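Structure file coords_5.txt (compact mmCIF, C-alpha atoms) is printed below.
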```txt
# COMPACT_ATOMS: atom_id res chain seq x y z
CA GLU A 1 5.42 -8.94 12.85
CA THR A 2 5.28 -12.68 12.14
CA GLY A 3 2.24 -13.96 10.29
CA VAL A 4 0.39 -17.22 10.80
CA THR A 5 2.56 -20.26 10.29
CA GLN A 6 1.58 -23.91 9.91
CA SER A 7 3.46 -27.17 10.01
CA PRO A 8 4.05 -29.44 8.28
CA THR A 9 3.44 -28.11 4.77
CA HIS A 10 2.62 -31.52 3.34
CA LEU A 11 1.77 -34.86 4.91
CA ILE A 12 0.91 -38.33 3.66
CA LYS A 13 -0.94 -40.77 5.91
CA THR A 14 -2.79 -44.02 5.47
CA ARG A 15 -6.41 -44.71 6.30
CA GLY A 16 -6.99 -45.35 10.00
CA GLN A 17 -3.95 -43.43 11.18
CA GLN A 18 -3.96 -40.31 13.33
CA VAL A 19 -2.49 -36.92 12.43
CA THR A 20 -1.60 -33.71 14.29
CA LEU A 21 -1.33 -30.40 12.49
CA ARG A 22 0.15 -27.31 14.11
CA CYS A 23 -0.49 -23.60 13.86
CA SER A 24 1.27 -20.58 15.32
CA SER A 25 -0.95 -17.55 15.48
CA GLN A 26 0.06 -14.05 14.52
CA SER A 27 1.62 -12.01 17.30
CA GLY A 28 -1.04 -10.48 19.55
CA HIS A 29 -3.83 -12.78 18.35
CA ASN A 30 -5.71 -14.92 20.89
CA THR A 31 -8.20 -16.64 18.58
CA VAL A 32 -7.47 -19.49 16.19
CA SER A 33 -9.86 -21.03 13.68
CA TRP A 34 -9.37 -24.18 11.63
CA TYR A 35 -10.81 -24.84 8.18
CA GLN A 36 -10.80 -27.79 5.79
CA GLN A 37 -10.64 -27.15 2.05
CA ALA A 38 -11.33 -30.03 -0.29
CA LEU A 39 -10.17 -29.76 -3.88
CA GLY A 40 -12.27 -27.31 -5.85
CA GLN A 41 -14.28 -26.16 -2.83
CA GLY A 42 -14.18 -23.18 -0.51
CA PRO A 43 -12.81 -23.64 3.01
CA GLN A 44 -15.21 -25.21 5.53
CA PHE A 45 -15.13 -24.21 9.19
CA ILE A 46 -14.03 -26.95 11.59
CA PHE A 47 -13.79 -25.15 14.94
CA GLN A 48 -12.43 -22.12 16.70
CA TYR A 49 -10.48 -21.60 19.91
CA TYR A 50 -10.56 -18.41 21.95
CA ARG A 51 -8.26 -18.12 24.96
CA GLU A 52 -7.75 -21.91 25.09
CA GLU A 53 -11.47 -22.77 24.99
CA GLU A 54 -13.47 -24.10 22.05
CA ASN A 55 -15.60 -21.22 20.83
CA GLY A 56 -17.68 -22.79 18.11
CA ARG A 57 -17.69 -25.89 15.94
CA GLY A 58 -18.74 -26.71 12.42
CA ASN A 59 -20.30 -29.89 11.09
CA PHE A 60 -17.34 -32.19 11.68
CA PRO A 61 -17.32 -35.48 13.63
CA PRO A 62 -15.69 -35.81 17.07
CA ARG A 63 -12.61 -37.48 15.60
CA PHE A 64 -11.64 -33.92 14.66
CA SER A 65 -10.35 -32.34 17.86
CA GLY A 66 -8.17 -29.44 18.81
CA LEU A 67 -6.18 -27.68 21.44
CA GLN A 68 -5.02 -24.15 22.05
CA PHE A 69 -2.00 -23.48 24.24
CA PRO A 70 -1.26 -20.58 26.60
CA ASN A 71 0.85 -18.92 23.89
CA TYR A 72 -2.27 -19.18 21.64
CA SER A 73 -0.70 -21.64 19.23
CA SER A 74 -2.99 -24.49 18.29
CA GLU A 75 -3.18 -28.10 17.18
CA LEU A 76 -5.71 -29.92 15.04
CA ASN A 77 -5.91 -33.67 15.63
CA VAL A 78 -7.71 -36.07 13.35
CA ASN A 79 -8.18 -39.69 14.43
CA ALA A 80 -9.11 -42.70 12.32
CA LEU A 81 -8.25 -40.97 9.07
CA GLU A 82 -10.54 -41.55 6.09
CA LEU A 83 -9.81 -41.04 2.41
CA ASP A 84 -12.18 -38.04 2.36
CA ASP A 85 -10.01 -36.29 4.93
CA SER A 86 -7.54 -35.56 2.14
CA ALA A 87 -7.62 -31.77 1.92
CA LEU A 88 -5.84 -28.50 2.58
CA TYR A 89 -6.12 -27.65 6.27
CA LEU A 90 -6.05 -23.95 7.01
CA CYS A 91 -5.49 -22.14 10.25
CA ALA A 92 -6.52 -18.52 10.76
CA SER A 93 -5.82 -16.24 13.69
CA SER A 94 -7.54 -13.07 14.79
CA PRO A 95 -7.08 -10.52 17.57
CA GLY A 96 -10.35 -11.44 19.31
CA THR A 97 -11.10 -7.90 20.35
CA VAL A 98 -14.27 -5.90 19.94
CA LEU A 99 -12.67 -3.53 17.45
CA GLN A 100 -10.85 -5.94 15.20
CA GLU A 101 -11.77 -9.53 14.41
CA THR A 102 -10.48 -10.05 10.89
CA GLN A 103 -9.11 -13.54 10.43
CA TYR A 104 -5.67 -13.95 8.85
CA PHE A 105 -4.80 -17.27 7.29
CA GLY A 106 -1.67 -19.35 7.24
CA PRO A 107 -0.37 -21.14 4.14
CA GLY A 108 -2.07 -24.42 5.05
CA THR A 109 -1.08 -28.06 5.45
CA ARG A 110 -1.90 -30.36 2.57
CA LEU A 111 -2.89 -33.81 3.85
CA LEU A 112 -3.14 -36.83 1.60
CA VAL A 113 -4.75 -39.98 2.99
CA LEU A 114 -4.04 -43.17 1.08
CA ASP B 1 -24.58 -15.71 8.30
CA ALA B 2 -26.20 -14.43 5.11
CA LYS B 3 -25.64 -16.30 1.88
CA THR B 4 -23.75 -14.64 -0.97
CA THR B 5 -23.94 -15.10 -4.74
CA GLN B 6 -20.96 -14.52 -7.02
CA PRO B 7 -20.32 -15.27 -10.70
CA PRO B 8 -18.16 -18.38 -11.04
CA SER B 9 -15.60 -16.71 -13.27
CA MET B 10 -14.52 -13.38 -14.77
CA ASP B 11 -11.77 -12.17 -17.07
CA CYS B 12 -9.92 -8.88 -16.94
CA ALA B 13 -7.18 -7.35 -19.06
CA GLU B 14 -3.94 -6.49 -17.31
CA GLY B 15 -3.84 -2.84 -16.27
CA ARG B 16 -7.60 -2.47 -16.34
CA ALA B 17 -9.91 -2.25 -13.34
CA ALA B 18 -11.44 -5.51 -12.20
CA ASN B 19 -14.96 -5.18 -10.78
CA LEU B 20 -16.15 -8.24 -8.90
CA PRO B 21 -19.84 -8.28 -7.93
CA CYS B 22 -21.47 -9.97 -4.97
CA ASN B 23 -25.14 -10.28 -4.06
CA HIS B 24 -26.14 -10.61 -0.40
CA SER B 25 -29.82 -9.78 -0.40
CA THR B 26 -30.51 -11.35 3.02
CA ILE B 27 -27.80 -9.44 4.87
CA SER B 28 -28.67 -8.31 8.39
CA GLY B 29 -27.99 -4.92 9.86
CA ASN B 30 -25.07 -6.12 11.99
CA GLU B 31 -23.36 -8.15 9.28
CA TYR B 32 -20.20 -7.02 7.55
CA VAL B 33 -19.10 -7.77 3.99
CA TYR B 34 -15.63 -9.33 3.84
CA TRP B 35 -13.52 -10.09 0.79
CA TYR B 36 -10.72 -12.62 0.67
CA ARG B 37 -8.78 -14.04 -2.24
CA GLN B 38 -6.94 -17.30 -2.67
CA ILE B 39 -4.13 -17.76 -5.10
CA HIS B 40 -3.74 -21.37 -6.18
CA SER B 41 -2.91 -23.69 -3.27
CA GLN B 42 -2.15 -20.85 -0.87
CA GLY B 43 -4.08 -19.71 2.21
CA PRO B 44 -6.83 -17.12 1.71
CA GLN B 45 -5.61 -13.53 1.86
CA TYR B 46 -7.71 -10.84 3.53
CA ILE B 47 -8.46 -7.94 1.19
CA ILE B 48 -11.00 -5.58 2.73
CA HIS B 49 -14.25 -5.41 4.68
CA GLY B 50 -17.03 -2.92 5.32
CA LEU B 51 -20.40 -2.44 6.96
CA LYS B 52 -22.24 0.20 4.93
CA ASN B 53 -19.78 2.86 3.86
CA ASN B 54 -17.46 2.45 0.91
CA GLU B 55 -13.96 1.43 1.95
CA THR B 56 -10.56 1.72 0.29
CA ASN B 57 -7.15 0.38 1.19
CA GLU B 58 -3.88 -0.24 -0.60
CA MET B 59 -5.24 -3.38 -2.26
CA ALA B 60 -8.76 -2.55 -3.33
CA SER B 61 -11.97 -0.56 -2.95
CA LEU B 62 -15.26 -1.91 -1.67
CA ILE B 63 -18.49 -0.34 -2.87
CA ILE B 64 -21.63 -1.33 -0.93
CA THR B 65 -25.03 -0.32 -2.26
CA GLU B 66 -27.23 1.86 -0.11
CA ASP B 67 -29.65 -1.00 0.64
CA ARG B 68 -26.60 -3.22 1.40
CA LYS B 69 -27.98 -6.03 -0.74
CA SER B 70 -24.99 -6.09 -3.03
CA SER B 71 -21.38 -4.97 -3.20
CA THR B 72 -18.52 -4.67 -5.68
CA LEU B 73 -14.84 -5.24 -5.07
CA ILE B 74 -12.68 -3.09 -7.31
CA LEU B 75 -9.05 -3.81 -8.11
CA PRO B 76 -8.08 -0.53 -9.80
CA HIS B 77 -5.20 -1.76 -11.95
CA ALA B 78 -5.24 -5.54 -12.21
CA THR B 79 -1.97 -7.39 -12.67
CA LEU B 80 -1.26 -11.01 -13.57
CA ARG B 81 -0.59 -11.67 -9.88
CA ASP B 82 -4.20 -10.78 -9.09
CA THR B 83 -5.36 -13.99 -10.79
CA ALA B 84 -7.08 -15.84 -7.95
CA VAL B 85 -10.39 -17.02 -6.53
CA TYR B 86 -12.14 -14.12 -4.81
CA TYR B 87 -14.54 -14.85 -1.98
CA CYS B 88 -17.28 -12.52 -0.77
CA ILE B 89 -18.35 -13.39 2.78
CA VAL B 90 -21.01 -11.87 5.00
CA ARG B 91 -20.72 -12.33 8.74
CA VAL B 92 -21.33 -10.74 12.07
CA GLY B 93 -18.24 -8.85 13.04
CA ASN B 94 -16.63 -7.10 15.93
CA SER B 95 -18.36 -9.00 18.70
CA GLY B 96 -15.31 -9.42 20.90
CA GLY B 97 -14.50 -13.01 21.75
CA SER B 98 -17.35 -14.33 19.66
CA ASN B 99 -15.32 -14.20 16.52
CA TYR B 100 -16.80 -17.31 15.07
CA LYS B 101 -16.64 -18.59 11.57
CA LEU B 102 -16.28 -17.44 8.00
CA THR B 103 -18.65 -19.21 5.60
CA PHE B 104 -17.02 -19.53 2.20
CA GLY B 105 -18.89 -20.18 -1.03
CA LYS B 106 -17.17 -21.15 -4.26
CA GLY B 107 -16.11 -17.59 -5.06
CA THR B 108 -15.22 -16.00 -8.40
CA LEU B 109 -12.19 -17.11 -10.35
CA LEU B 110 -10.69 -13.91 -11.71
CA THR B 111 -8.27 -14.44 -14.57
CA VAL B 112 -6.14 -11.45 -15.50
CA ASN B 113 -4.95 -11.72 -19.09
CA PRO B 114 -1.84 -10.07 -20.56
```
Encoded form (structure tokens):
Amino acid sequence: ETGVTQSPTHLIKTRGQQVTLRCSSQSGHNTVSWYQQALGQGPQFIFQYYREEENGRGNFPPRFSGLQFPNYSSELNVNALELDDSALYLCASSPGTVLQETQYFGPGTRLLVL
Amino acid sequence: DAKTTQPPSMDCAEGRAANLPCNHSTISGNEYVYWYRQIHSQGPQYIIHGLKNNETNEMASLIITEDRKSSTLILPHATLRDTAVYYCIVRVGNSGGSNYKLTFGKGTLLTVNP
């Protein structure tokens, strides 16, 4: 069974640019959640996708957007990058069933905005 | 989701049991207690979760008080590789398709010493 994978592992962008981060969910999981973790802080919820629809959103501006594909992989897009967007971006997948909804995290993508 | 309180840091000797406390005095009847850990710069790793009964798996044991206002994560024989930030999270679980978010605090930095 393949776990959650994310790409790229590291990324450097400049302020104002746009970035796309990718996540492949664990086999059999139909729900993907994205989190942002600033240095020294716990992860903060960005949004969640369940069966290709947004299923909840945290306190992040609209320039943070996402997609989920029919194979349940997902993308996180951030437009007009700001310096404060520098963080570890984490993706987590879960089965999305009544009996089991534990979220399993990928290794993350570390984004540096200069 | 209910708020949790954890000590910012703890030390443990290698080979000894590590007991990590968590207070969640405002927990609701349908909220589960989840524990994750995060080794430096990696994605959070799921450890265990429970509702009201004590739980044990290959990684740890979870002891929840009868009034459910606090819990303790027990690592029975801590090793150096258990050095990590441990997060206690309370959330509604098992709602099928309404998976929603995990709310992380700052967690407890457990340092296992040789």
Report task. Tell me the residues of chain B close to chain A, meaning within 12 Å using all atoms listed in the file, as number ranges by chain. Result -> B: 8, 32-50, 85-89, 91-109
Query raised in the report: Distance atom CA of Met10 of chain B-atom CA of Ala60 of chain B, one decimal place?
Result: 16.8 Å
Report task. Mind checking which residues fall within 8 Å of Glu52 of chain A, counting only C-alpha atoms, ignoring those fewer than 3 positions away in the same chain, and posting them as a ChimeraX atom specification? Result -> /A:49,67-70,72
Since we have the selection now, will you write its residues out, keeping C-alpha atoms, as a compact mmCIF listing (two decimals), in the frame of the given file?
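Writing done, so here's part_13.txt:
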```txt
# COMPACT_ATOMS: atom_id res chain seq x y z
CA TYR A 49 -10.48 -21.60 19.91
CA LEU A 67 -6.18 -27.68 21.44
CA GLN A 68 -5.02 -24.15 22.05
CA PHE A 69 -2.00 -23.48 24.24
CA PRO A 70 -1.26 -20.58 26.60
CA TYR A 72 -2.27 -19.18 21.64
```
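Comparing A:Asp85, A:Pro61, A:Ala80, A:Glu75 by their smallest distance to Ser7 of chain A, the closest is A:Glu75 (using only C-alpha atoms).
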Query raised in the report: If we count all atoms listed in the file, what is near Gly29 of chain B at a cut-off of 10 Å, once residues fewer than 6 positions away on the same chain are taken out, given as number ranges by chain?
Result: B: 51-52, 68, 92
Which polymer residues have any atom within 6 Å of an atom of segment 74-84 of chain B, counting all atoms listed in the file, with same-chain residues fewer than 2 positions away left out, as a compact mmCIF listing (two decimals) with C-alpha atoms, in the coordinates of the input?
```txt
# COMPACT_ATOMS: atom_id res chain seq x y z
CA GLU B 14 -3.94 -6.49 -17.31
CA GLY B 15 -3.84 -2.84 -16.27
CA ARG B 16 -7.60 -2.47 -16.34
CA ALA B 17 -9.91 -2.25 -13.34
CA ALA B 18 -11.44 -5.51 -12.20
CA ASN B 19 -14.96 -5.18 -10.78
CA GLN B 38 -6.94 -17.30 -2.67
CA ILE B 39 -4.13 -17.76 -5.10
CA ALA B 60 -8.76 -2.55 -3.33
CA SER B 61 -11.97 -0.56 -2.95
CA LEU B 109 -12.19 -17.11 -10.35
CA LEU B 110 -10.69 -13.91 -11.71
CA THR B 111 -8.27 -14.44 -14.57
CA VAL B 112 -6.14 -11.45 -15.50
```
Requested in this report: Would you work out the distance separating atom CA of Glu82 of chain A from atom CA of Ile12 of chain A, expressed in Å to one decimal?
Outcome: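 Separating atom CA of Glu82 of chain A from atom CA of Ile12 of chain A is a distance of 12.1 Å.
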Report task. Rounded to one decimal place, report the atom CA of Asn77 of chain A-atom CA of Phe60 of chain A distance in Å. Result ->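 Those two atoms sit 12.2 Å apart.
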Missing atoms in segment 51-74 of chain B: fill them in up to N, CA, C and O atoms and send the result as a CSV table (one decimal), keeping the file's coordinate frame.
```
chain,number,residue,atom,x,y,z
B,51,LEU,N,-19.1,-2.3,6.4
B,51,LEU,CA,-20.4,-2.4,7.0
B,51,LEU,C,-21.4,-1.8,6.0
B,51,LEU,O,-22.3,-2.4,5.5
B,52,LYS,N,-21.3,-0.5,5.8
B,52,LYS,CA,-22.2,0.2,4.9
B,52,LYS,C,-21.6,1.3,4.1
B,52,LYS,O,-22.1,1.7,3.0
B,53,ASN,N,-20.5,1.8,4.6
B,53,ASN,CA,-19.8,2.9,3.9
B,53,ASN,C,-18.8,2.2,2.9
B,53,ASN,O,-18.3,1.1,3.1
B,54,ASN,N,-18.5,2.9,1.8
B,54,ASN,CA,-17.5,2.4,0.9
B,54,ASN,C,-16.1,2.5,1.6
B,54,ASN,O,-15.9,3.4,2.4
B,55,GLU,N,-15.3,1.5,1.3
B,55,GLU,CA,-14.0,1.4,2.0
B,55,GLU,C,-12.9,1.3,0.9
B,55,GLU,O,-13.1,0.7,-0.2
B,56,THR,N,-11.7,1.8,1.2
B,56,THR,CA,-10.6,1.7,0.3
B,56,THR,C,-9.3,1.4,1.1
B,56,THR,O,-9.1,2.0,2.2
B,57,ASN,N,-8.5,0.6,0.6
B,57,ASN,CA,-7.2,0.4,1.2
B,57,ASN,C,-6.1,0.2,0.1
B,57,ASN,O,-6.5,0.5,-1.1
B,58,GLU,N,-4.9,-0.2,0.4
B,58,GLU,CA,-3.9,-0.2,-0.6
B,58,GLU,C,-4.1,-1.3,-1.6
B,58,GLU,O,-3.5,-1.3,-2.7
B,59,MET,N,-5.0,-2.3,-1.3
B,59,MET,CA,-5.2,-3.4,-2.3
B,59,MET,C,-6.4,-3.1,-3.2
B,59,MET,O,-6.4,-3.5,-4.3
B,60,ALA,N,-7.5,-2.6,-2.6
B,60,ALA,CA,-8.8,-2.6,-3.3
B,60,ALA,C,-9.7,-1.5,-2.7
B,60,ALA,O,-9.5,-0.9,-1.7
B,61,SER,N,-10.9,-1.4,-3.5
B,61,SER,CA,-12.0,-0.6,-3.0
B,61,SER,C,-13.2,-1.5,-2.9
B,61,SER,O,-13.4,-2.4,-3.7
B,62,LEU,N,-14.0,-1.2,-1.9
B,62,LEU,CA,-15.3,-1.9,-1.7
B,62,LEU,C,-16.4,-0.9,-1.7
B,62,LEU,O,-16.4,0.0,-1.0
B,63,ILE,N,-17.3,-1.2,-2.7
B,63,ILE,CA,-18.5,-0.3,-2.9
B,63,ILE,C,-19.7,-1.1,-2.4
B,63,ILE,O,-20.0,-2.2,-3.0
B,64,ILE,N,-20.4,-0.7,-1.4
B,64,ILE,CA,-21.6,-1.3,-0.9
B,64,ILE,C,-22.8,-0.5,-1.3
B,64,ILE,O,-22.8,0.7,-1.0
B,65,THR,N,-23.8,-1.1,-1.9
B,65,THR,CA,-25.0,-0.3,-2.3
B,65,THR,C,-25.8,0.2,-1.0
B,65,THR,O,-25.6,-0.3,0.1
B,66,GLU,N,-26.6,1.2,-1.2
B,66,GLU,CA,-27.2,1.9,-0.1
B,66,GLU,C,-28.1,0.9,0.7
B,66,GLU,O,-28.2,1.0,1.9
B,67,ASP,N,-28.8,0.0,-0.1
B,67,ASP,CA,-29.6,-1.0,0.6
B,67,ASP,C,-28.9,-2.2,1.2
B,67,ASP,O,-29.4,-3.1,1.8
B,68,ARG,N,-27.6,-2.2,0.9
B,68,ARG,CA,-26.6,-3.2,1.4
B,68,ARG,C,-26.9,-4.6,0.8
B,68,ARG,O,-26.3,-5.6,1.3
B,69,LYS,N,-27.7,-4.7,-0.2
B,69,LYS,CA,-28.0,-6.0,-0.7
B,69,LYS,C,-27.0,-6.5,-1.7
B,69,LYS,O,-27.0,-7.7,-2.2
B,70,SER,N,-26.0,-5.7,-2.1
B,70,SER,CA,-25.0,-6.1,-3.0
B,70,SER,C,-23.7,-5.2,-2.8
B,70,SER,O,-23.8,-4.1,-2.2
B,71,SER,N,-22.6,-5.7,-3.3
B,71,SER,CA,-21.4,-5.0,-3.2
B,71,SER,C,-20.5,-5.3,-4.4
B,71,SER,O,-20.7,-6.3,-5.1
B,72,THR,N,-19.5,-4.5,-4.6
B,72,THR,CA,-18.5,-4.7,-5.7
B,72,THR,C,-17.1,-4.4,-5.1
B,72,THR,O,-16.9,-3.4,-4.5
B,73,LEU,N,-16.3,-5.4,-5.4
B,73,LEU,CA,-14.8,-5.2,-5.1
B,73,LEU,C,-14.1,-4.7,-6.3
B,73,LEU,O,-14.3,-5.3,-7.4
B,74,ILE,N,-13.4,-3.7,-6.2
B,74,ILE,CA,-12.7,-3.1,-7.3
B,74,ILE,C,-11.2,-3.2,-7.1
B,74,ILE,O,-10.6,-2.7,-6.1
```
